[in-house]
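Shown next: query_39.cif, given as mmCIF, C-alpha atoms.
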data_my_file
#
loop_
_atom_site.label_atom_id
_atom_site.label_comp_id
_atom_site.auth_asym_id
_atom_site.auth_seq_id
_atom_site.Cartn_x
_atom_site.Cartn_y
_atom_site.Cartn_z
CA MET S 29 -16.93 22.57 30.80
CA LYS S 30 -13.89 20.91 29.19
CA LYS S 31 -12.42 24.30 28.28
CA ARG S 32 -12.67 25.51 31.86
CA LEU S 33 -11.09 22.32 33.16
CA ILE S 34 -8.19 22.66 30.71
CA LEU S 35 -7.70 26.33 31.64
CA TRP S 36 -7.70 25.54 35.36
CA MET S 37 -5.21 22.72 34.81
CA LEU S 38 -2.94 24.97 32.75
CA ALA S 39 -3.15 27.75 35.30
CA GLY S 40 -2.32 25.28 38.06
CA LEU S 41 0.68 23.93 36.17
CA TRP S 42 1.86 27.44 35.40
CA LEU S 43 1.57 28.50 39.04
CA HIS S 44 3.23 25.31 40.24
CA GLY S 45 6.15 25.80 37.82
CA SER S 46 6.65 29.44 38.77
CA VAL S 47 6.52 28.72 42.50
CA SER S 48 8.66 25.59 42.67
CA GLY S 49 11.07 25.96 39.74
CA ALA S 50 12.28 29.53 39.96
CA GLY S 51 14.62 30.82 42.60
CA PRO S 52 14.81 34.42 43.80
CA GLU S 53 17.83 35.11 41.61
CA ASP S 54 16.00 33.92 38.44
CA THR S 55 13.00 36.19 38.94
CA ALA S 56 15.18 39.27 39.51
CA PHE S 57 16.46 39.30 35.94
CA SER S 58 13.39 38.18 34.07
CA GLY S 59 10.02 39.47 35.11
CA PRO S 60 7.17 37.14 35.93
CA PRO S 61 6.17 34.99 32.94
CA VAL S 62 3.11 36.24 31.17
CA LEU S 63 0.75 33.71 29.65
CA THR S 64 -2.16 35.09 27.72
CA LEU S 65 -5.45 33.28 27.40
CA ARG S 66 -4.76 32.58 23.72
CA GLU S 67 -1.34 31.07 24.51
CA ALA S 68 -2.87 28.93 27.25
CA LEU S 69 -5.51 27.62 24.85
CA LEU S 70 -2.94 26.91 22.15
CA ARG S 71 -0.73 25.02 24.59
CA GLY S 72 -3.71 23.06 25.82
CA ILE S 73 -4.70 22.12 22.30
CA GLU S 74 -1.13 21.16 21.36
CA ASN S 75 -0.78 18.89 24.37
CA ASN S 76 -4.25 17.33 24.22
CA LEU S 77 -3.82 13.63 23.43
CA ASP S 78 -7.41 13.18 22.21
CA ILE S 79 -6.84 15.82 19.55
CA ARG S 80 -3.55 14.24 18.53
CA VAL S 81 -5.26 10.86 18.14
CA LYS S 82 -8.04 12.38 16.02
CA LYS S 83 -5.43 14.00 13.78
CA LEU S 84 -3.70 10.63 13.35
CA ASP S 85 -7.06 9.07 12.42
CA GLY S 86 -7.22 11.47 9.48
CA ASP S 87 -3.71 10.51 8.38
CA LEU S 88 -4.58 6.82 8.67
CA ALA S 89 -7.74 7.34 6.61
CA GLU S 90 -5.62 9.03 3.91
CA GLN S 91 -3.46 5.89 3.73
CA TYR S 92 -6.57 3.76 3.17
CA VAL S 93 -7.48 5.99 0.21
CA ILE S 94 -3.99 5.45 -1.24
CA LEU S 95 -4.29 1.72 -0.61
CA GLY S 96 -7.63 1.58 -2.45
CA GLU S 97 -6.22 3.49 -5.42
CA SER S 98 -3.20 1.22 -5.56
CA SER S 99 -5.37 -1.69 -6.69
CA PHE S 100 -5.38 0.01 -10.12
CA ASP S 101 -1.58 0.36 -10.31
CA PRO S 102 0.31 -1.72 -12.88
CA VAL S 103 1.99 -4.86 -11.58
CA MET S 104 5.17 -6.32 -13.07
CA ASP S 105 6.20 -9.93 -12.60
CA ALA S 106 8.90 -12.28 -13.78
CA SER S 107 9.69 -15.95 -13.35
CA ALA S 108 12.25 -18.48 -14.48
CA ALA S 109 12.27 -22.28 -14.42
CA LEU S 110 14.70 -25.05 -15.23
CA SER S 111 13.73 -28.69 -15.57
CA GLU S 112 15.52 -31.84 -16.62
CA GLY S 113 14.08 -35.24 -17.34
CA GLU S 114 14.99 -38.67 -18.57
CA THR S 115 12.52 -40.95 -20.30
CA PRO S 116 13.18 -44.62 -21.13
CA THR S 117 12.70 -45.37 -24.82
CA ALA S 118 10.58 -48.30 -25.95
CA VAL S 119 11.34 -48.01 -29.66
CA SER S 120 13.81 -50.59 -31.00
CA SER S 121 15.00 -48.35 -33.82
CA TYR S 122 16.02 -45.67 -31.35
CA SER S 123 19.71 -46.06 -30.53
CA LEU S 124 19.63 -44.62 -27.01
CA ASP S 125 18.16 -46.25 -23.91
CA LEU S 126 17.19 -42.94 -22.29
CA GLY S 127 15.76 -39.82 -23.87
CA LYS S 128 17.13 -36.77 -22.06
CA GLU S 129 15.48 -33.39 -22.15
CA ARG S 130 16.44 -30.11 -20.54
CA ARG S 131 14.06 -27.12 -20.51
CA ARG S 132 14.70 -23.52 -19.60
CA GLU S 133 11.79 -21.11 -19.42
CA ALA S 134 11.56 -17.42 -18.56
CA THR S 135 8.48 -15.21 -18.40
CA ALA S 136 8.09 -11.48 -17.79
CA GLY S 137 4.89 -9.50 -17.85
CA ILE S 138 2.93 -6.49 -16.79
CA SER S 139 -0.73 -6.42 -15.79
CA LYS S 140 -3.19 -3.69 -14.93
CA ARG S 141 -6.71 -3.50 -13.56
CA PHE S 142 -9.00 -0.74 -14.83
CA THR S 143 -12.00 0.84 -13.10
CA PRO S 144 -14.66 -0.82 -15.33
CA GLY S 145 -13.32 -4.19 -14.17
CA THR S 146 -11.16 -4.84 -17.22
CA ARG S 147 -7.91 -6.67 -16.58
CA ALA S 148 -5.12 -6.56 -19.15
CA ARG S 149 -1.84 -8.47 -19.17
CA LEU S 150 1.05 -8.32 -21.60
CA SER S 151 3.70 -10.98 -21.16
CA ALA S 152 6.66 -12.42 -23.00
CA ARG S 153 7.78 -16.03 -22.62
CA THR S 154 10.79 -17.82 -24.00
CA ASN S 155 11.56 -21.55 -23.91
CA ARG S 156 14.80 -23.36 -24.70
CA VAL S 157 14.66 -27.13 -25.05
CA SER S 158 17.73 -29.33 -25.45
CA THR S 159 17.29 -33.04 -26.14
CA ASN S 160 19.30 -36.02 -27.31
CA ASN S 161 16.41 -37.20 -29.48
CA THR S 162 17.72 -38.02 -32.98
CA THR S 163 14.37 -37.14 -34.57
CA THR S 164 14.67 -33.50 -33.53
CA ASP S 165 16.34 -31.33 -36.14
CA LEU S 166 16.84 -28.25 -34.01
CA ARG S 167 19.23 -28.51 -31.09
CA PRO S 168 18.55 -26.49 -29.00
CA GLU S 169 15.00 -25.62 -29.90
CA TYR S 170 13.66 -22.14 -29.05
CA ARG S 171 10.06 -21.03 -28.65
CA ASP S 172 9.16 -17.41 -27.97
CA TYR S 173 5.70 -16.06 -27.22
CA LEU S 174 4.19 -12.64 -26.78
CA LEU S 175 0.77 -12.76 -25.13
CA LEU S 176 -1.84 -10.05 -24.69
CA GLU S 177 -4.74 -11.05 -22.48
CA VAL S 178 -7.77 -8.83 -21.90
CA THR S 179 -10.56 -9.91 -19.57
CA GLN S 180 -13.81 -8.02 -19.08
CA PRO S 181 -16.31 -9.47 -16.60
CA LEU S 182 -19.90 -9.22 -17.73
CA LEU S 183 -21.73 -9.81 -14.45
CA LYS S 184 -19.52 -10.09 -11.38
CA ASP S 185 -17.28 -7.06 -10.65
CA PHE S 186 -18.56 -5.18 -13.70
CA GLY S 187 -18.57 -1.41 -13.81
CA PRO S 188 -16.69 1.46 -12.19
CA SER S 189 -19.14 1.83 -9.30
CA VAL S 190 -18.37 -1.68 -8.06
CA ASN S 191 -14.63 -1.51 -8.59
CA THR S 192 -14.12 1.91 -7.00
CA ALA S 193 -16.36 1.26 -3.97
CA GLU S 194 -13.37 0.75 -1.64
CA ILE S 195 -11.91 4.09 -2.70
CA ARG S 196 -15.18 5.93 -2.13
CA ILE S 197 -15.60 4.30 1.29
CA ALA S 198 -12.03 5.28 2.25
CA GLU S 199 -12.59 8.86 1.07
CA ASN S 200 -15.79 9.08 3.12
CA GLN S 201 -13.97 7.73 6.18
CA LYS S 202 -11.20 10.28 5.62
CA GLN S 203 -13.74 13.09 5.47
CA GLN S 204 -15.44 11.76 8.58
CA ALA S 205 -12.10 11.64 10.42
CA GLU S 206 -11.40 15.26 9.44
CA PHE S 207 -14.84 16.35 10.73
CA LEU S 208 -14.27 14.48 14.00
CA TYR S 209 -10.89 16.18 14.35
CA LEU S 210 -12.45 19.62 13.83
CA ALA S 211 -15.25 18.77 16.26
CA GLN S 212 -12.69 17.71 18.87
CA MET S 213 -10.84 20.99 18.36
CA ASN S 214 -14.03 22.97 18.95
CA ASP S 215 -14.96 21.14 22.19
#
Now, as a test, write the supplied structure out as structure tokens.
Amino acid sequence: MKKRLILWMLAGLWLHGSVSGAGPEDTAFSGPPVLTLREALLRGIENNLDIRVKKLDGDLAEQYVILGESSFDPVMDASAALSEGETPTAVSSYSLDLGKERRREATAGISKRFTPGTRARLSARTNRVSTNNTTTDLRPEYRDYLLLEVTQPLLKDFGPSVNTAEIRIAENQKQQAEFLYLAQMND
């Protein structure tokens, strides 16, 4: 029924365009336009908005698959901090009234989530502390750290089936969108 309606609409548009748009001088040089049944169907399919929407649903579903897989991509991060502080001294042997301290800290790291639920993070941190404390031998004082953290959940979020569920759901929705698109094309 839908195919017949589309064909009648296309035939009507074609007849309307040939009657109202062409003058007698235009038809003398080029014969009457010929539109085969196959061409009419192809034009109808190309201009059908429902089919276009179904095709976009498949593209959208593909993006959800990519989004689900991106949860296992490595993530890089970095931060820096600067702090200053003054502390009153209560020790009589200390020659200064205020203890001053200035800290600089920088951290950079990379982390990754794996399908079994394992999370790994490798980070480097450096600290620089300057103080006017006379009991400190190193001025400025540096502290550097390299940290490797590995976390494996034992109960919650354990196993590939749990952690890849979003990807499988998105792939199923993508396949469903493709089937709906093909079904819409066949109607």
What residues come out when you apply the PyMOL selection byres ((chain S and resi 124-138) around 8) to this file, written as a PDB file with C-alpha atoms, in the frame of the given file?
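Writing the result to result07.pdb gives the following:
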ATOM      1  CA  PRO S 102       0.310  -1.720 -12.880  1.00  0.00           C
ATOM      2  CA  VAL S 103       1.990  -4.860 -11.580  1.00  0.00           C
ATOM      3  CA  MET S 104       5.170  -6.320 -13.070  1.00  0.00           C
ATOM      4  CA  ASP S 105       6.200  -9.930 -12.600  1.00  0.00           C
ATOM      5  CA  ALA S 106       8.900 -12.280 -13.780  1.00  0.00           C
ATOM      6  CA  SER S 107       9.690 -15.950 -13.350  1.00  0.00           C
ATOM      7  CA  ALA S 108      12.250 -18.480 -14.480  1.00  0.00           C
ATOM      8  CA  ALA S 109      12.270 -22.280 -14.420  1.00  0.00           C
ATOM      9  CA  LEU S 110      14.700 -25.050 -15.230  1.00  0.00           C
ATOM     10  CA  SER S 111      13.730 -28.690 -15.570  1.00  0.00           C
ATOM     11  CA  GLU S 112      15.520 -31.840 -16.620  1.00  0.00           C
ATOM     12  CA  GLY S 113      14.080 -35.240 -17.340  1.00  0.00           C
ATOM     13  CA  GLU S 114      14.990 -38.670 -18.570  1.00  0.00           C
ATOM     14  CA  THR S 115      12.520 -40.950 -20.300  1.00  0.00           C
ATOM     15  CA  PRO S 116      13.180 -44.620 -21.130  1.00  0.00           C
ATOM     16  CA  THR S 117      12.700 -45.370 -24.820  1.00  0.00           C
ATOM     17  CA  TYR S 122      16.020 -45.670 -31.350  1.00  0.00           C
ATOM     18  CA  SER S 123      19.710 -46.060 -30.530  1.00  0.00           C
ATOM     19  CA  SER S 139      -0.730  -6.420 -15.790  1.00  0.00           C
ATOM     20  CA  LYS S 140      -3.190  -3.690 -14.930  1.00  0.00           C
ATOM     21  CA  ARG S 149      -1.840  -8.470 -19.170  1.00  0.00           C
ATOM     22  CA  LEU S 150       1.050  -8.320 -21.600  1.00  0.00           C
ATOM     23  CA  SER S 151       3.700 -10.980 -21.160  1.00  0.00           C
ATOM     24  CA  ALA S 152       6.660 -12.420 -23.000  1.00  0.00           C
ATOM     25  CA  ARG S 153       7.780 -16.030 -22.620  1.00  0.00           C
ATOM     26  CA  THR S 154      10.790 -17.820 -24.000  1.00  0.00           C
ATOM     27  CA  ASN S 155      11.560 -21.550 -23.910  1.00  0.00           C
ATOM     28  CA  ARG S 156      14.800 -23.360 -24.700  1.00  0.00           C
ATOM     29  CA  VAL S 157      14.660 -27.130 -25.050  1.00  0.00           C
ATOM     30  CA  SER S 158      17.730 -29.330 -25.450  1.00  0.00           C
ATOM     31  CA  THR S 159      17.290 -33.040 -26.140  1.00  0.00           C
ATOM     32  CA  ASN S 160      19.300 -36.020 -27.310  1.00  0.00           C
ATOM     33  CA  ASN S 161      16.410 -37.200 -29.480  1.00  0.00           C
TER      34      ASN S 161
END
Taking 5 positions as the minimum chain separation for residues in the same chain, which residues sit within 10 Å of Phe142 of chain S when counting all atoms listed in the file? Answer as a PDB file with C-alpha atoms, keeping the file's coordinate frame.
ATOM      1  CA  SER S  99      -5.370  -1.690  -6.690  1.00  0.00           C
ATOM      2  CA  PHE S 100      -5.380   0.010 -10.120  1.00  0.00           C
ATOM      3  CA  ASP S 101      -1.580   0.360 -10.310  1.00  0.00           C
ATOM      4  CA  PRO S 102       0.310  -1.720 -12.880  1.00  0.00           C
ATOM      5  CA  ARG S 147      -7.910  -6.670 -16.580  1.00  0.00           C
ATOM      6  CA  ALA S 148      -5.120  -6.560 -19.150  1.00  0.00           C
ATOM      7  CA  GLN S 180     -13.810  -8.020 -19.080  1.00  0.00           C
ATOM      8  CA  GLY S 187     -18.570  -1.410 -13.810  1.00  0.00           C
ATOM      9  CA  PRO S 188     -16.690   1.460 -12.190  1.00  0.00           C
ATOM     10  CA  ASN S 191     -14.630  -1.510  -8.590  1.00  0.00           C
ATOM     11  CA  THR S 192     -14.120   1.910  -7.000  1.00  0.00           C
TER      12      THR S 192
END
Problem - Which residue of S:Glu177, S:Thr164, S:Thr64, S:Asp185 approaches Gly145 of chain S most closely, using all atoms listed in the file - result: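 The answer is S:Asp185, which sits nearest to Gly145 of chain S.
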Exercise for the section: For segment 79-89 of chain S, work out the shell of residues within 7 Å, counting all atoms listed in the file and skipping chain neighbours fewer than 3 positions away, then give it as a list in words. Expected result: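 Near segment 79-89 of chain S, the qualifying residues are Asn76, Tyr92, Val93, Ala198, Gln201, Lys202, Ala205, Glu206, Leu208, Tyr209, Gln212 and Met213 of chain S.
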